[in-house]
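For reference, upload_32.cif (mmCIF, C-alpha atoms):
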```
data_model
#
loop_
_atom_site.group_PDB
_atom_site.id
_atom_site.type_symbol
_atom_site.label_atom_id
_atom_site.label_comp_id
_atom_site.auth_asym_id
_atom_site.auth_seq_id
_atom_site.Cartn_x
_atom_site.Cartn_y
_atom_site.Cartn_z
ATOM 1 C CA MET A 1 -10.153 -15.822 3.641
ATOM 2 C CA CYS A 2 -8.404 -13.994 0.816
ATOM 3 C CA ILE A 3 -4.798 -12.859 0.419
ATOM 4 C CA ARG A 4 -4.283 -10.084 -2.142
ATOM 5 C CA ASP A 5 -1.153 -8.582 -3.622
ATOM 6 C CA ARG A 6 -1.047 -4.923 -4.653
ATOM 7 C CA SER A 7 0.774 -3.294 -7.521
ATOM 8 C CA MET A 8 1.651 -0.177 -5.494
ATOM 9 C CA PRO A 9 3.223 -0.554 -2.032
ATOM 10 C CA LEU A 10 0.879 -0.119 0.909
ATOM 11 C CA PHE A 11 1.998 1.593 4.129
ATOM 12 C CA HIS A 12 0.706 1.925 7.687
ATOM 13 C CA ILE A 13 1.555 5.323 9.189
ATOM 14 C CA GLU A 14 1.362 6.069 12.889
ATOM 15 C CA ARG A 15 0.975 9.737 13.813
ATOM 16 C CA ILE A 16 1.329 10.287 17.548
ATOM 17 C CA ALA A 17 -0.770 13.220 18.777
ATOM 18 C CA PRO A 18 -1.457 13.118 22.539
ATOM 19 C CA GLY A 19 -4.806 14.687 23.356
ATOM 20 C CA LEU A 20 -6.113 14.425 19.798
ATOM 21 C CA GLY A 21 -9.460 13.248 21.119
ATOM 22 C CA SER A 22 -10.140 16.646 22.697
ATOM 23 C CA THR A 23 -9.368 18.603 19.519
ATOM 24 C CA PRO A 24 -12.416 20.503 18.208
ATOM 25 C CA PRO A 25 -13.860 18.935 15.028
ATOM 26 C CA GLU A 26 -13.304 22.108 12.989
ATOM 27 C CA GLU A 27 -9.567 21.983 13.802
ATOM 28 C CA LEU A 28 -9.401 18.335 12.768
ATOM 29 C CA GLU A 29 -11.174 19.206 9.509
ATOM 30 C CA LYS A 30 -8.576 21.910 8.760
ATOM 31 C CA GLY A 31 -5.840 19.287 9.132
ATOM 32 C CA VAL A 32 -7.698 16.859 6.878
ATOM 33 C CA GLN A 33 -8.186 19.507 4.182
ATOM 34 C CA ASN A 34 -4.519 20.538 4.370
ATOM 35 C CA SER A 35 -3.361 16.934 4.055
ATOM 36 C CA GLU A 36 -5.632 16.322 1.074
ATOM 37 C CA SER A 37 -4.445 19.525 -0.641
ATOM 38 C CA VAL A 38 -0.839 18.370 -0.331
ATOM 39 C CA LEU A 39 -1.746 14.925 -1.722
ATOM 40 C CA VAL A 40 -3.456 16.537 -4.737
ATOM 41 C CA GLU A 41 -0.426 18.780 -5.264
ATOM 42 C CA MET A 42 1.978 15.848 -5.074
ATOM 43 C CA ARG A 43 -0.069 13.814 -7.558
ATOM 44 C CA SER A 44 -0.112 16.803 -9.939
ATOM 45 C CA GLU A 45 3.711 16.603 -9.801
ATOM 46 C CA GLY A 46 3.512 12.986 -11.004
ATOM 47 C CA LYS A 47 4.094 11.419 -7.593
ATOM 48 C CA ASN A 48 2.143 8.243 -6.869
ATOM 49 C CA ILE A 49 0.654 8.612 -3.407
ATOM 50 C CA ARG A 50 -2.893 8.092 -2.167
ATOM 51 C CA GLN A 51 -4.493 8.011 1.244
ATOM 52 C CA VAL A 52 -6.648 4.896 1.548
ATOM 53 C CA ARG A 53 -8.089 5.203 5.036
ATOM 54 C CA SER A 54 -7.424 6.808 8.415
ATOM 55 C CA PHE A 55 -8.422 5.965 11.970
ATOM 56 C CA ALA A 56 -8.193 8.212 15.021
ATOM 57 C CA ASN A 57 -8.101 7.595 18.735
ATOM 58 C CA MET A 58 -7.517 9.838 21.744
ATOM 59 C CA ASP A 59 -3.759 10.042 21.150
ATOM 60 C CA GLY A 60 -3.111 9.690 17.457
ATOM 61 C CA ILE A 61 -4.043 8.923 13.904
ATOM 62 C CA PHE A 62 -3.295 5.718 12.027
ATOM 63 C CA CYS A 63 -3.349 5.911 8.245
ATOM 64 C CA ILE A 64 -3.121 3.509 5.342
ATOM 65 C CA TYR A 65 -1.512 4.951 2.216
ATOM 66 C CA GLU A 66 -0.548 3.631 -1.186
ATOM 67 C CA ALA A 67 2.708 5.169 -2.406
ATOM 68 C CA ASP A 68 5.658 4.344 -4.587
ATOM 69 C CA SER A 69 8.002 4.724 -1.615
ATOM 70 C CA GLU A 70 8.350 5.481 2.074
ATOM 71 C CA ASP A 71 10.114 8.694 1.048
ATOM 72 C CA LEU A 72 6.850 9.977 -0.463
ATOM 73 C CA ILE A 73 5.083 9.353 2.848
ATOM 74 C CA ARG A 74 7.751 11.386 4.648
ATOM 75 C CA GLU A 75 7.561 14.133 2.004
ATOM 76 C CA HIS A 76 3.802 14.361 2.466
ATOM 77 C CA ALA A 77 4.179 14.641 6.243
ATOM 78 C CA GLU A 78 6.799 17.367 5.895
ATOM 79 C CA ARG A 79 4.875 19.366 3.304
ATOM 80 C CA SER A 80 1.609 19.150 5.232
ATOM 81 C CA GLY A 81 3.215 20.066 8.560
ATOM 82 C CA GLY A 82 2.235 16.724 10.055
ATOM 83 C CA THR A 83 4.139 13.797 11.432
ATOM 84 C CA ALA A 84 4.911 10.270 10.351
ATOM 85 C CA ASP A 85 6.255 8.848 13.596
ATOM 86 C CA LYS A 86 6.315 5.253 12.392
ATOM 87 C CA ILE A 87 5.977 3.959 8.835
ATOM 88 C CA THR A 88 5.584 0.253 8.146
ATOM 89 C CA GLU A 89 5.238 -1.284 4.703
ATOM 90 C CA ILE A 90 2.342 -3.737 4.491
ATOM 91 C CA THR A 91 3.484 -6.729 2.469
ATOM 92 C CA GLY A 92 0.162 -8.561 2.220
ATOM 93 C CA GLU A 93 -3.491 -8.255 3.007
ATOM 94 C CA ILE A 94 -5.660 -10.908 4.588
ATOM 95 C CA GLN A 95 -9.394 -10.425 4.364
ATOM 96 C CA HIS A 96 -11.862 -12.547 6.250
ATOM 97 C CA ASP A 97 -15.313 -12.446 7.724
ATOM 98 C CA THR A 98 -15.413 -14.016 11.144
ATOM 99 C CA SER A 99 -19.217 -13.926 11.173
ATOM 100 C CA GLU A 100 -19.391 -16.710 8.568
ATOM 101 C CA GLN A 101 -19.205 -20.252 9.870
#
```

Any chance you could give the structure as structure tokens?
Amino acid sequence: MCIRDRSMPLFHIERIAPGLGSTPPEELEKGVQNSESVLVEMRSEGKNIRQVRSFANMDGIFCIYEADSEDLIREHAERSGGTADKITEITGEIQHDTSEQ
């Protein structure tokens, strides 16, 4: 088990989107490309924000971002036309492999 600290704050973002699972893949890809374009634009403005990973289910998307502040997460959501229904700062990371005994 390993506990790591990060230099830039890490955030969990919950984006509620009922019915997301029935969205055609090409529509989802448009949203992904739009989000990434906004992130690139924000970084070109000197803003520290980076998407680490995203997960989707039938009713939403859950993302992990590194950013200097929660305000940058909200700015990204606003500029990309998305949502950030719940933002939680992650204060530590615990890594483990339960398959090892």

- request: Extract, using all atoms listed in the file, all DNA, RNA and protein residues at most 10 Å from A:Ile73, discarding same-chain residues fewer than 2 positions from it, and format them as an NGL selection string.
  value: :A and (11-13 or 39 or 49-51 or 65-71 or 75-78 or 83-84 or 87)

statement: note - atom CA of A:Val40 and atom CA of A:Leu72 are separated by 12.9 Å

task: Select, from A:Gly31, A:Arg74, A:Ala17, A:Gly92, the residue with the minimum atom-to-atom distance to A:Ala56, counting all atoms listed in the file.
output: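 Comparing A:Gly31, A:Arg74, A:Ala17, A:Gly92 against A:Ala56, the winner is A:Ala17.
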
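The spacing separating atom CA of A:Gln95 from atom CA of A:Glu14 amounts to 21.5 Å.
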
message: For the provided coordinates, the residues matched by the PyMOL selection byres ((chain A and resi 18) around 12) should be stated as JSON, numbers by chain.
response: {"A": [15, 16, 17, 19, 20, 21, 22, 23, 56, 57, 58, 59, 60, 61]}

So that I have them on file, write out the residues from the current selection with C-alpha atoms, as a PDB file, in the coordinates of the input.
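Wrote part-v4.pdb, looks like this:
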```
ATOM      1  CA  ARG A  15       0.975   9.737  13.813  1.00  0.00           C
ATOM      2  CA  ILE A  16       1.329  10.287  17.548  1.00  0.00           C
ATOM      3  CA  ALA A  17      -0.770  13.220  18.777  1.00  0.00           C
ATOM      4  CA  GLY A  19      -4.806  14.687  23.356  1.00  0.00           C
ATOM      5  CA  LEU A  20      -6.113  14.425  19.798  1.00  0.00           C
ATOM      6  CA  GLY A  21      -9.460  13.248  21.119  1.00  0.00           C
ATOM      7  CA  SER A  22     -10.140  16.646  22.697  1.00  0.00           C
ATOM      8  CA  THR A  23      -9.368  18.603  19.519  1.00  0.00           C
ATOM      9  CA  ALA A  56      -8.193   8.212  15.021  1.00  0.00           C
ATOM     10  CA  ASN A  57      -8.101   7.595  18.735  1.00  0.00           C
ATOM     11  CA  MET A  58      -7.517   9.838  21.744  1.00  0.00           C
ATOM     12  CA  ASP A  59      -3.759  10.042  21.150  1.00  0.00           C
ATOM     13  CA  GLY A  60      -3.111   9.690  17.457  1.00  0.00           C
ATOM     14  CA  ILE A  61      -4.043   8.923  13.904  1.00  0.00           C
TER      15      ILE A  61
END
```

field: Length of the atom CA of A:Glu26 to atom CA of A:Lys86 vector [Å]
entry: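 According to the coordinates, atom CA of A:Glu26 and atom CA of A:Lys86 are separated by 25.9 Å.
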
Add whatever atoms are absent from stretch 40-57 of chain A to reach N, CA and C atoms, and provide the output as a PDB file, in the frame of the given file.
```pdb
ATOM      1  N   VAL A  40      -3.064  16.129  -3.381  1.00  0.00           N
ATOM      2  CA  VAL A  40      -3.456  16.537  -4.737  1.00  0.00           C
ATOM      3  C   VAL A  40      -2.278  17.214  -5.435  1.00  0.00           C
ATOM      4  N   GLU A  41      -1.600  18.079  -4.722  1.00  0.00           N
ATOM      5  CA  GLU A  41      -0.426  18.780  -5.264  1.00  0.00           C
ATOM      6  C   GLU A  41       0.673  17.788  -5.662  1.00  0.00           C
ATOM      7  N   MET A  42       0.936  16.833  -4.786  1.00  0.00           N
ATOM      8  CA  MET A  42       1.978  15.848  -5.074  1.00  0.00           C
ATOM      9  C   MET A  42       1.613  15.000  -6.288  1.00  0.00           C
ATOM     10  N   ARG A  43       0.353  14.599  -6.392  1.00  0.00           N
ATOM     11  CA  ARG A  43      -0.069  13.814  -7.558  1.00  0.00           C
ATOM     12  C   ARG A  43       0.033  14.632  -8.831  1.00  0.00           C
ATOM     13  N   SER A  44      -0.233  15.942  -8.753  1.00  0.00           N
ATOM     14  CA  SER A  44      -0.112  16.803  -9.939  1.00  0.00           C
ATOM     15  C   SER A  44       1.344  16.918 -10.387  1.00  0.00           C
ATOM     16  N   GLU A  45       2.274  16.611  -9.491  1.00  0.00           N
ATOM     17  CA  GLU A  45       3.711  16.603  -9.801  1.00  0.00           C
ATOM     18  C   GLU A  45       4.152  15.233 -10.324  1.00  0.00           C
ATOM     19  N   GLY A  46       3.196  14.317 -10.491  1.00  0.00           N
ATOM     20  CA  GLY A  46       3.512  12.986 -11.004  1.00  0.00           C
ATOM     21  C   GLY A  46       3.940  11.994  -9.942  1.00  0.00           C
ATOM     22  N   LYS A  47       3.704  12.313  -8.689  1.00  0.00           N
ATOM     23  CA  LYS A  47       4.094  11.419  -7.593  1.00  0.00           C
ATOM     24  C   LYS A  47       2.916  10.513  -7.242  1.00  0.00           C
ATOM     25  N   ASN A  48       3.180   9.222  -7.160  1.00  0.00           N
ATOM     26  CA  ASN A  48       2.143   8.243  -6.869  1.00  0.00           C
ATOM     27  C   ASN A  48       1.984   8.070  -5.366  1.00  0.00           C
ATOM     28  N   ILE A  49       0.965   8.701  -4.831  1.00  0.00           N
ATOM     29  CA  ILE A  49       0.654   8.612  -3.407  1.00  0.00           C
ATOM     30  C   ILE A  49      -0.846   8.822  -3.246  1.00  0.00           C
ATOM     31  N   ARG A  50      -1.448   8.010  -2.391  1.00  0.00           N
ATOM     32  CA  ARG A  50      -2.893   8.092  -2.167  1.00  0.00           C
ATOM     33  C   ARG A  50      -3.212   7.632  -0.763  1.00  0.00           C
ATOM     34  N   GLN A  51      -4.027   8.413  -0.077  1.00  0.00           N
ATOM     35  CA  GLN A  51      -4.493   8.011   1.244  1.00  0.00           C
ATOM     36  C   GLN A  51      -5.670   7.065   1.045  1.00  0.00           C
ATOM     37  N   VAL A  52      -5.599   5.896   1.676  1.00  0.00           N
ATOM     38  CA  VAL A  52      -6.648   4.896   1.548  1.00  0.00           C
ATOM     39  C   VAL A  52      -7.675   5.040   2.659  1.00  0.00           C
ATOM     40  N   ARG A  53      -7.190   5.156   3.886  1.00  0.00           N
ATOM     41  CA  ARG A  53      -8.089   5.203   5.036  1.00  0.00           C
ATOM     42  C   ARG A  53      -7.324   5.706   6.252  1.00  0.00           C
ATOM     43  N   SER A  54      -8.034   6.352   7.169  1.00  0.00           N
ATOM     44  CA  SER A  54      -7.424   6.808   8.415  1.00  0.00           C
ATOM     45  C   SER A  54      -8.336   6.488   9.587  1.00  0.00           C
ATOM     46  N   PHE A  55      -7.714   6.260  10.733  1.00  0.00           N
ATOM     47  CA  PHE A  55      -8.422   5.965  11.970  1.00  0.00           C
ATOM     48  C   PHE A  55      -7.834   6.868  13.050  1.00  0.00           C
ATOM     49  N   ALA A  56      -8.673   7.347  13.943  1.00  0.00           N
ATOM     50  CA  ALA A  56      -8.193   8.212  15.021  1.00  0.00           C
ATOM     51  C   ALA A  56      -8.586   7.627  16.361  1.00  0.00           C
ATOM     52  N   ASN A  57      -7.747   7.911  17.356  1.00  0.00           N
ATOM     53  CA  ASN A  57      -8.101   7.595  18.735  1.00  0.00           C
ATOM     54  C   ASN A  57      -7.756   8.820  19.577  1.00  0.00           C
TER      55      ASN A  57
END
```
